[in-house]
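Structure, as C-alpha cells:
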Amino acid sequence: MRLDRAELRVVSLPLLRPFRTSFGVVADKTFVLLRVFGDGLEGVAEGVMDARPQYREETIAGALALLQEAVLPDVLGREWANPEALMRHLSGLRGNRMALAVLEMACWDLHARGLGVPLCTLLGGTRDAVEVGVSLGIQASVEATVDTALRHAEQGYRRIKLKIEPGWDVKVVRAVRAALPDTPVTVDANAAYSLAHLNTLRELDTLGLDYIEQPLAWDDLRDHAKLQALMHTPLCLDECITTAQDARKALETAACRLVNIKVGRVGGHLEARRVHDVAAAFSAPVWCGGMLESGVGRAHNIHLATLENFTKPGDTSSSSRYWARDIVNEPLETTGGIMPVPPGPGIGVTLDVPFLDSVTRWRADIGAPARIAAGSAP
C-alpha cells in the first residue's frame with residue numbers, strides 16, 4: 001500500500017431537516033473528508049469530530065492541523081504493508097483518536113481496493129447485509145414524535161431510538177412505547193443526566209426499553225456502574241468508550257451491558273474490531289452508532305457492522321432520510337430494516353466529485369515531502 005499524496009476537505013452538507021439532540025440543533029453537517037492516493041487508486045474517509053468539542057474533546061480545526069502539519073507529512077511517500085503497519089508507526093501519538101481514524105479508515109479503503117476485495121472481507125465480516133434501526137432527534141411535540149416513530153416502524157426499521165434530555169424524556173418515551181408495544185425502543189441521552197436525575201432514570205427503567213444509551217457524563221464509568229446496579233434496563237455506553245481497554249473496564253465493572261461502537265470515535269477499524277472482540281468475550285452485544293455521516297462514513301459503518309458480534313440494529317439508516325443529495329454516487333438505502341453491504345472493492349462507493357466540489361468549504365492538497373519521498377520504505 002503506497003501513499004503518494006492526500007487531499008483534505010471541509011465539507012458542509014445540508015440536512016433535509018434539522019436534527020436536534022441535547023447538544024443542540026444541526027442543520028448542516030460539517031465534516032472533514034480525507035482522500036489518499038497511491039498506485040493509481042484512491043481511499044476515502046470522513047471524520048466525526050465537530051466544530052466545537054461537544055460530543056468528545058476533538059474539533060475539526062484541531063484535526064486539520066494535526067493531519068496537515070504532522071501526520072500526513074510523516075506517512076506520505078512511503079510503502080506500508082497494510083493499515084496496521086501504518087498505525088503502529090503512529091502509535092506514539094497520544095489521543096486524537098478521531099483525527100487518526102480518518103487516516104486509518106481511508107487507508108483501509110485504499111488497501112482493500114488495491115487487493116480488489118470489499119473492506120468487510122479484510123475486517124472479518126460475516127454478512128452481506130446488516131440490520132438497522134433509526135435515530136430520531138428531539139421533535140416539536142410528543143404527537144410529532146409518535147407519528148415519526150410509527151412511520152419509521154412501518155418502513156421496517158428494526159429499532160426506534162429516541163434522543164432525550166431532562167424535561168423531554170418520560171412522557172415522550174411512554175407515548176412511543178404505547179404506540180409501538182412490540183418494537184424495540186431505546187433512548188439516547190448523550191450524557192445529559194447525572195445521578196441527581198435518578199428518579200427520572202428509574203421511571204425510564206419501567207418502560208420496557210431495550211437499553212438506555214450514555215445517560216451520564218461522557219468520561220464517567222464509575223457513576224454509570226452505580227446507576228447500572230440500580231437499573232433493570234441495560235445501559236449502553238457510547239462517549240465513554242474510545243479504546244478496547246475502556247470497553248474492558250466498563251464491562252468488568254458492570255458500568256454497562258452493551259457497547260455502541262463508532263469507528264471514528266475509537267480511532268479506526270482496528271480498534272473498533274478490538275472493542276468488538278472484548279465485548280464478545282464478555283458476552284456483551286455491540287451495535288454500530290452513527291454521527292450523521294455522509295455516504296462515505298455510512299459505507300465504512302456498514303462494512304464494520306458485518307462482524308459477528310454486531311447483534312443489535314445500528315444507526316445506519318437510509319441516506320435519503322438525511323440528504324437531498326449525497327456526496328457518493330451509489331444509493332445507500334434500506335429495505336425492511338436491512339441495509340445491504342455496498343458491493344465492490346473497498347467501501348464500495350465512489351465520490352460524486354462535481355457535487356462534492358460544490359459543498360466543499362476548504363481544501364488542501366498535501367504531497368509527500370522530498371525528504372521522505374527520497375528515502376527508503378519503513
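In the C-alpha cells, chains take the letters A, B, ... in the order shown, each chain's residues start at 1, and ligands count up from 1 in the order shown.
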
Q) If you run DSSP on the backbone, which residues of region 194-333 of chain A are strand (DSSP E), as a ChimeraX atom specification? A) /A:212-213,235-237,258-261,286-288

I need the chosen residues saved as a PDB file, in the first residue's frame, with N, CA, C and O atoms.
```pdb
ATOM      1  N   ILE A 212     -30.694   1.927  27.604  1.00  0.00           N
ATOM      2  CA  ILE A 212     -30.564   3.373  27.763  1.00  0.00           C
ATOM      3  C   ILE A 212     -29.113   3.718  27.435  1.00  0.00           C
ATOM      4  O   ILE A 212     -28.192   3.200  28.049  1.00  0.00           O
ATOM      5  N   GLU A 213     -28.945   4.604  26.462  1.00  0.00           N
ATOM      6  CA  GLU A 213     -27.595   4.895  25.964  1.00  0.00           C
ATOM      7  C   GLU A 213     -27.009   6.147  26.615  1.00  0.00           C
ATOM      8  O   GLU A 213     -27.658   7.195  26.654  1.00  0.00           O
ATOM      9  N   LEU A 235     -27.665  -0.581  30.440  1.00  0.00           N
ATOM     10  CA  LEU A 235     -27.062   0.660  29.978  1.00  0.00           C
ATOM     11  C   LEU A 235     -26.116   0.343  28.830  1.00  0.00           C
ATOM     12  O   LEU A 235     -25.436  -0.684  28.831  1.00  0.00           O
ATOM     13  N   CYS A 236     -26.083   1.248  27.861  1.00  0.00           N
ATOM     14  CA  CYS A 236     -25.159   1.151  26.731  1.00  0.00           C
ATOM     15  C   CYS A 236     -24.254   2.372  26.777  1.00  0.00           C
ATOM     16  O   CYS A 236     -24.732   3.491  26.956  1.00  0.00           O
ATOM     17  N   LEU A 237     -22.960   2.159  26.636  1.00  0.00           N
ATOM     18  CA  LEU A 237     -22.033   3.283  26.638  1.00  0.00           C
ATOM     19  C   LEU A 237     -21.571   3.620  25.224  1.00  0.00           C
ATOM     20  O   LEU A 237     -21.353   2.736  24.398  1.00  0.00           O
ATOM     21  N   LEU A 258     -23.843  -3.390  27.207  1.00  0.00           N
ATOM     22  CA  LEU A 258     -23.584  -3.443  25.768  1.00  0.00           C
ATOM     23  C   LEU A 258     -22.888  -2.145  25.369  1.00  0.00           C
ATOM     24  O   LEU A 258     -22.845  -1.180  26.144  1.00  0.00           O
ATOM     25  N   VAL A 259     -22.326  -2.146  24.154  1.00  0.00           N
ATOM     26  CA  VAL A 259     -21.472  -1.045  23.724  1.00  0.00           C
ATOM     27  C   VAL A 259     -21.879  -0.583  22.330  1.00  0.00           C
ATOM     28  O   VAL A 259     -22.111  -1.394  21.428  1.00  0.00           O
ATOM     29  N   ASN A 260     -21.958   0.720  22.180  1.00  0.00           N
ATOM     30  CA  ASN A 260     -22.112   1.354  20.877  1.00  0.00           C
ATOM     31  C   ASN A 260     -20.702   1.567  20.316  1.00  0.00           C
ATOM     32  O   ASN A 260     -19.870   2.215  20.955  1.00  0.00           O
ATOM     33  N   ILE A 261     -20.423   1.024  19.149  1.00  0.00           N
ATOM     34  CA  ILE A 261     -19.119   1.225  18.507  1.00  0.00           C
ATOM     35  C   ILE A 261     -19.281   2.207  17.356  1.00  0.00           C
ATOM     36  O   ILE A 261     -20.056   1.969  16.430  1.00  0.00           O
ATOM     37  N   VAL A 286     -22.814  -5.652  20.689  1.00  0.00           N
ATOM     38  CA  VAL A 286     -22.439  -4.326  20.230  1.00  0.00           C
ATOM     39  C   VAL A 286     -23.330  -3.945  19.061  1.00  0.00           C
ATOM     40  O   VAL A 286     -23.977  -4.786  18.448  1.00  0.00           O
ATOM     41  N   TRP A 287     -23.341  -2.645  18.766  1.00  0.00           N
ATOM     42  CA  TRP A 287     -24.034  -2.157  17.579  1.00  0.00           C
ATOM     43  C   TRP A 287     -23.291  -0.945  17.049  1.00  0.00           C
ATOM     44  O   TRP A 287     -22.483  -0.343  17.747  1.00  0.00           O
ATOM     45  N   CYS A 288     -23.529  -0.611  15.812  1.00  0.00           N
ATOM     46  CA  CYS A 288     -22.781   0.445  15.133  1.00  0.00           C
ATOM     47  C   CYS A 288     -23.551   1.758  15.220  1.00  0.00           C
ATOM     48  O   CYS A 288     -24.657   1.878  14.678  1.00  0.00           O
TER      49      CYS A 288
END
```

(Q) Would you pick out the contacts of Thr306 (chain A) at 8 Å or less, using only C-alpha atoms, so that residues sharing its chain but fewer than 4 positions from it are not included, and give the list as a list in words? (A)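 What passes the distance filter is Cys120, Gly125, Thr126, Arg127, Asp128, Ala129, Val130, Ile302 and Phe310 of chain A.
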
Q: Find the residue from A:Arg158, A:His111, A:His197, A:Lys163 that sits nearest to Glu131 (chain A); use only C-alpha atoms when measuring.
A: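 Nearest to Glu131 (chain A): A:Arg158.
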
Q: Mind the document's chain letters and residue numbers, and return as a list in words the residues of region 186-229 of chain A that DSSP labels helix (DSSP H, G or I).
A: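 Listing helix (DSSP H, G or I) positions across region 186-229 of chain A yields Leu195, Ala196, His197, Leu198, Asn199, Thr200, Leu201, Arg202, Glu203, Leu204, Leu221, Arg222, Asp223, His224, Ala225, Lys226, Leu227, Gln228 and Ala229 of chain A.
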
Just the residues within 12 Å of Glu69 (chain A), please, counting only C-alpha atoms, with nothing from its chain fewer than 4 positions along; format it as a PDB file with all heavy atoms, in the first residue's frame.
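And here is the file that came out, part21.pdb:
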```
ATOM      1  N   LEU A   8      -7.255  16.959   1.777  1.00  0.00           N
ATOM      2  CA  LEU A   8      -8.136  17.237   2.912  1.00  0.00           C
ATOM      3  C   LEU A   8      -9.206  18.235   2.489  1.00  0.00           C
ATOM      4  O   LEU A   8      -8.915  19.202   1.765  1.00  0.00           O
ATOM      5  CB  LEU A   8      -7.342  17.824   4.075  1.00  0.00           C
ATOM      6  CG  LEU A   8      -6.686  16.862   5.061  1.00  0.00           C
ATOM      7  CD1 LEU A   8      -5.748  17.633   5.982  1.00  0.00           C
ATOM      8  CD2 LEU A   8      -7.735  16.114   5.880  1.00  0.00           C
ATOM      9  N   ALA A  61     -10.956  21.889  13.605  1.00  0.00           N
ATOM     10  CA  ALA A  61      -9.739  22.687  13.452  1.00  0.00           C
ATOM     11  C   ALA A  61      -8.521  21.938  13.976  1.00  0.00           C
ATOM     12  O   ALA A  61      -7.449  21.938  13.336  1.00  0.00           O
ATOM     13  CB  ALA A  61      -9.897  24.024  14.182  1.00  0.00           C
ATOM     14  N   GLY A  62      -8.666  21.294  15.117  1.00  0.00           N
ATOM     15  CA  GLY A  62      -7.548  20.543  15.678  1.00  0.00           C
ATOM     16  C   GLY A  62      -7.151  19.368  14.817  1.00  0.00           C
ATOM     17  O   GLY A  62      -5.953  19.090  14.618  1.00  0.00           O
ATOM     18  N   ALA A  63      -8.142  18.667  14.279  1.00  0.00           N
ATOM     19  CA  ALA A  63      -7.852  17.511  13.428  1.00  0.00           C
ATOM     20  C   ALA A  63      -7.146  17.940  12.147  1.00  0.00           C
ATOM     21  O   ALA A  63      -6.191  17.291  11.696  1.00  0.00           O
ATOM     22  CB  ALA A  63      -9.151  16.767  13.100  1.00  0.00           C
ATOM     23  N   LEU A  64      -7.607  19.028  11.544  1.00  0.00           N
ATOM     24  CA  LEU A  64      -6.966  19.508  10.314  1.00  0.00           C
ATOM     25  C   LEU A  64      -5.518  19.883  10.563  1.00  0.00           C
ATOM     26  O   LEU A  64      -4.627  19.553   9.764  1.00  0.00           O
ATOM     27  CB  LEU A  64      -7.737  20.710   9.766  1.00  0.00           C
ATOM     28  CG  LEU A  64      -9.123  20.429   9.197  1.00  0.00           C
ATOM     29  CD1 LEU A  64      -9.800  21.744   8.815  1.00  0.00           C
ATOM     30  CD2 LEU A  64      -9.057  19.504   7.993  1.00  0.00           C
ATOM     31  N   ALA A  65      -5.263  20.571  11.675  1.00  0.00           N
ATOM     32  CA  ALA A  65      -3.898  20.978  11.980  1.00  0.00           C
ATOM     33  C   ALA A  65      -2.994  19.768  12.182  1.00  0.00           C
ATOM     34  O   ALA A  65      -1.877  19.710  11.646  1.00  0.00           O
ATOM     35  CB  ALA A  65      -3.881  21.867  13.220  1.00  0.00           C
ATOM     36  N   PRO A  73       2.442  14.489   6.476  1.00  0.00           N
ATOM     37  CA  PRO A  73       3.830  14.575   6.003  1.00  0.00           C
ATOM     38  C   PRO A  73       4.705  13.421   6.488  1.00  0.00           C
ATOM     39  O   PRO A  73       5.688  13.073   5.822  1.00  0.00           O
ATOM     40  CB  PRO A  73       4.307  15.917   6.592  1.00  0.00           C
ATOM     41  CG  PRO A  73       3.064  16.720   6.745  1.00  0.00           C
ATOM     42  CD  PRO A  73       2.007  15.728   7.146  1.00  0.00           C
ATOM     43  N   ASP A  74       4.332  12.818   7.605  1.00  0.00           N
ATOM     44  CA  ASP A  74       5.121  11.714   8.149  1.00  0.00           C
ATOM     45  C   ASP A  74       4.867  10.392   7.425  1.00  0.00           C
ATOM     46  O   ASP A  74       5.727   9.507   7.412  1.00  0.00           O
ATOM     47  CB  ASP A  74       4.791  11.559   9.635  1.00  0.00           C
ATOM     48  CG  ASP A  74       5.664  10.528  10.331  1.00  0.00           C
ATOM     49  OD1 ASP A  74       6.818  10.331   9.911  1.00  0.00           O
ATOM     50  OD2 ASP A  74       5.178   9.904  11.301  1.00  0.00           O
ATOM     51  N   VAL A  75       3.682  10.224   6.819  1.00  0.00           N
ATOM     52  CA  VAL A  75       3.353   8.916   6.245  1.00  0.00           C
ATOM     53  C   VAL A  75       3.308   8.909   4.721  1.00  0.00           C
ATOM     54  O   VAL A  75       3.327   7.833   4.113  1.00  0.00           O
ATOM     55  CB  VAL A  75       2.001   8.399   6.807  1.00  0.00           C
ATOM     56  CG1 VAL A  75       2.070   8.286   8.322  1.00  0.00           C
ATOM     57  CG2 VAL A  75       0.832   9.279   6.379  1.00  0.00           C
ATOM     58  N   ALA A 364      -7.213  21.342   0.884  1.00  0.00           N
ATOM     59  CA  ALA A 364      -5.753  21.404   0.849  1.00  0.00           C
ATOM     60  C   ALA A 364      -5.225  20.121   0.234  1.00  0.00           C
ATOM     61  O   ALA A 364      -5.675  19.016   0.578  1.00  0.00           O
ATOM     62  CB  ALA A 364      -5.173  21.590   2.250  1.00  0.00           C
ATOM     63  N   ASP A 365      -4.271  20.264  -0.686  1.00  0.00           N
ATOM     64  CA  ASP A 365      -3.602  19.117  -1.290  1.00  0.00           C
ATOM     65  C   ASP A 365      -2.245  18.963  -0.622  1.00  0.00           C
ATOM     66  O   ASP A 365      -1.477  19.928  -0.529  1.00  0.00           O
ATOM     67  CB  ASP A 365      -3.444  19.313  -2.792  1.00  0.00           C
ATOM     68  CG  ASP A 365      -4.784  19.348  -3.498  1.00  0.00           C
ATOM     69  OD1 ASP A 365      -5.490  18.331  -3.471  1.00  0.00           O
ATOM     70  OD2 ASP A 365      -5.145  20.411  -4.041  1.00  0.00           O
ATOM     71  N   ILE A 366      -1.947  17.763  -0.159  1.00  0.00           N
ATOM     72  CA  ILE A 366      -0.708  17.501   0.561  1.00  0.00           C
ATOM     73  C   ILE A 366       0.090  16.464  -0.204  1.00  0.00           C
ATOM     74  O   ILE A 366      -0.402  15.360  -0.479  1.00  0.00           O
ATOM     75  CB  ILE A 366      -0.975  17.011   1.993  1.00  0.00           C
ATOM     76  CG1 ILE A 366      -1.797  18.053   2.759  1.00  0.00           C
ATOM     77  CG2 ILE A 366       0.322  16.734   2.741  1.00  0.00           C
ATOM     78  CD1 ILE A 366      -3.185  17.629   3.064  1.00  0.00           C
ATOM     79  N   GLY A 367       1.303  16.815  -0.576  1.00  0.00           N
ATOM     80  CA  GLY A 367       2.182  15.881  -1.260  1.00  0.00           C
ATOM     81  C   GLY A 367       3.224  15.327  -0.319  1.00  0.00           C
ATOM     82  O   GLY A 367       3.396  15.786   0.812  1.00  0.00           O
ATOM     83  N   ALA A 368       3.941  14.339  -0.773  1.00  0.00           N
ATOM     84  CA  ALA A 368       4.992  13.730   0.050  1.00  0.00           C
ATOM     85  C   ALA A 368       6.183  14.676   0.138  1.00  0.00           C
ATOM     86  O   ALA A 368       6.669  15.162  -0.883  1.00  0.00           O
ATOM     87  CB  ALA A 368       5.424  12.405  -0.554  1.00  0.00           C
ATOM     88  N   PRO A 369       6.649  14.963   1.356  1.00  0.00           N
ATOM     89  CA  PRO A 369       7.856  15.781   1.489  1.00  0.00           C
ATOM     90  C   PRO A 369       9.042  15.121   0.783  1.00  0.00           C
ATOM     91  O   PRO A 369       9.173  13.893   0.775  1.00  0.00           O
ATOM     92  CB  PRO A 369       8.079  15.839   3.004  1.00  0.00           C
ATOM     93  CG  PRO A 369       6.753  15.510   3.609  1.00  0.00           C
ATOM     94  CD  PRO A 369       6.098  14.569   2.653  1.00  0.00           C
TER      95      PRO A 369
END
```

(Q) Neighbouring residues of Leu103 (chain A) were defined as those with any atom within 10 Å, considering only C-alpha atoms; residues of the same chain fewer than 2 positions away were excluded. Please report them as a list in words. (A)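 Near Leu103 (chain A), the qualifying residues are Ala6, Leu33, Leu34, Arg35, Val36, Gly43, Val44, Ala45, Glu46, Gly47, Leu67, Val71, Leu72, Val75, Pro83, Leu86, Met87, Met98, Ala99, Leu100, Ala101, Met105, Ala106, Cys107, Trp108, Gly267 and Gly268 of chain A.
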
Output file for the residues above (N, CA, C and O atoms, as a CSV table (one decimal), in the first residue's frame):
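After the write, selection-v4.csv holds the following:
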```
chain,number,residue,atom,x,y,z
A,6,ALA,N,-2.3,13.2,-0.6
A,6,ALA,CA,-3.6,13.3,0.1
A,6,ALA,C,-4.3,14.6,-0.2
A,6,ALA,O,-3.7,15.6,-0.6
A,33,LEU,N,-13.2,15.5,5.3
A,33,LEU,CA,-13.1,14.4,4.3
A,33,LEU,C,-11.6,14.3,3.9
A,33,LEU,O,-11.0,15.3,3.5
A,34,LEU,N,-11.1,13.1,4.0
A,34,LEU,CA,-9.7,12.8,3.5
A,34,LEU,C,-9.7,11.8,2.4
A,34,LEU,O,-10.4,10.7,2.5
A,35,ARG,N,-9.0,12.2,1.3
A,35,ARG,CA,-8.7,11.2,0.2
A,35,ARG,C,-7.2,11.0,0.2
A,35,ARG,O,-6.4,11.9,0.3
A,36,VAL,N,-6.9,9.7,0.1
A,36,VAL,CA,-5.5,9.3,0.0
A,36,VAL,C,-5.3,8.6,-1.3
A,36,VAL,O,-6.2,7.9,-1.8
A,43,GLY,N,-8.4,6.1,-1.6
A,43,GLY,CA,-9.2,5.7,-0.5
A,43,GLY,C,-9.7,6.9,0.2
A,43,GLY,O,-9.1,8.0,0.1
A,44,VAL,N,-10.9,6.8,0.8
A,44,VAL,CA,-11.6,8.0,1.3
A,44,VAL,C,-12.2,7.6,2.7
A,44,VAL,O,-12.7,6.5,2.9
A,45,ALA,N,-12.3,8.6,3.5
A,45,ALA,CA,-12.9,8.5,4.8
A,45,ALA,C,-13.3,9.9,5.3
A,45,ALA,O,-12.8,10.9,4.8
A,46,GLU,N,-14.3,9.9,6.3
A,46,GLU,CA,-14.7,11.2,6.8
A,46,GLU,C,-14.5,11.2,8.3
A,46,GLU,O,-14.6,10.1,9.0
A,47,GLY,N,-14.3,12.3,8.9
A,47,GLY,CA,-14.2,12.5,10.4
A,47,GLY,C,-15.5,12.7,11.1
A,47,GLY,O,-16.4,13.2,10.5
A,67,LEU,N,-3.4,16.6,11.1
A,67,LEU,CA,-3.2,15.8,9.9
A,67,LEU,C,-2.4,16.5,8.9
A,67,LEU,O,-1.4,16.0,8.3
A,71,VAL,N,0.9,14.6,10.8
A,71,VAL,CA,0.7,13.2,10.5
A,71,VAL,C,0.9,12.8,9.0
A,71,VAL,O,1.6,11.9,8.6
A,72,LEU,N,0.2,13.6,8.1
A,72,LEU,CA,0.3,13.2,6.7
A,72,LEU,C,1.7,13.4,6.1
A,72,LEU,O,2.2,12.5,5.4
A,75,VAL,N,3.7,10.2,6.8
A,75,VAL,CA,3.4,8.9,6.2
A,75,VAL,C,3.3,8.9,4.7
A,75,VAL,O,3.3,7.8,4.1
A,83,PRO,N,-2.7,-1.1,6.7
A,83,PRO,CA,-3.0,0.0,7.6
A,83,PRO,C,-2.5,-0.3,9.0
A,83,PRO,O,-2.2,0.6,9.7
A,86,LEU,N,1.0,1.0,9.3
A,86,LEU,CA,1.0,2.4,9.4
A,86,LEU,C,0.6,2.9,10.8
A,86,LEU,O,1.2,3.8,11.3
A,87,MET,N,-0.4,2.3,11.4
A,87,MET,CA,-0.9,2.8,12.7
A,87,MET,C,0.1,2.4,13.8
A,87,MET,O,0.2,3.1,14.8
A,98,MET,N,-10.1,10.5,16.9
A,98,MET,CA,-10.9,10.8,15.7
A,98,MET,C,-10.1,11.3,14.5
A,98,MET,O,-10.4,10.9,13.4
A,99,ALA,N,-9.1,12.1,14.8
A,99,ALA,CA,-8.3,12.6,13.7
A,99,ALA,C,-7.5,11.4,13.1
A,99,ALA,O,-7.4,11.3,11.8
A,100,LEU,N,-6.9,10.6,13.9
A,100,LEU,CA,-6.2,9.4,13.4
A,100,LEU,C,-7.1,8.4,12.7
A,100,LEU,O,-6.7,7.8,11.7
A,101,ALA,N,-8.3,8.3,13.1
A,101,ALA,CA,-9.3,7.4,12.5
A,101,ALA,C,-9.5,7.8,11.0
A,101,ALA,O,-9.7,6.9,10.2
A,105,MET,N,-9.0,4.9,8.4
A,105,MET,CA,-10.1,4.4,7.6
A,105,MET,C,-9.9,4.6,6.1
A,105,MET,O,-10.2,3.7,5.3
A,106,ALA,N,-9.3,5.8,5.7
A,106,ALA,CA,-9.0,6.0,4.3
A,106,ALA,C,-8.0,5.0,3.8
A,106,ALA,O,-8.1,4.5,2.6
A,107,CYS,N,-7.0,4.6,4.6
A,107,CYS,CA,-6.0,3.6,4.2
A,107,CYS,C,-6.7,2.2,4.1
A,107,CYS,O,-6.3,1.5,3.2
A,108,TRP,N,-7.6,1.9,5.0
A,108,TRP,CA,-8.3,0.6,4.8
A,108,TRP,C,-9.0,0.6,3.5
A,108,TRP,O,-9.0,-0.5,2.8
A,267,GLY,N,-10.9,5.4,16.9
A,267,GLY,CA,-9.6,5.5,16.3
A,267,GLY,C,-9.5,4.7,15.0
A,267,GLY,O,-8.4,4.6,14.5
A,268,GLY,N,-10.6,4.2,14.5
A,268,GLY,CA,-10.5,3.4,13.3
A,268,GLY,C,-11.0,2.0,13.4
A,268,GLY,O,-11.4,1.5,14.4
```

Q.
Ranking A:Leu13, A:Asp238, A:Val102, A:Asp315 by minimum distance to Ile327 (chain A) and counting only C-alpha atoms, which one comes first?
A.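 Of all the options, A:Leu13 lies closest to Ile327 (chain A).
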
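If only C-alpha atoms are the atoms counted, then among A:Arg363, A:Arg159, A:His300, A:Arg274 the closest residue to Ala244 (chain A) is A:Arg274.
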
Q. Nearest to Pro184 (chain A): which of A:Thr334, A:Leu162, A:Phe282, A:Gly344 is it, counting only C-alpha atoms?
A. A:Leu162
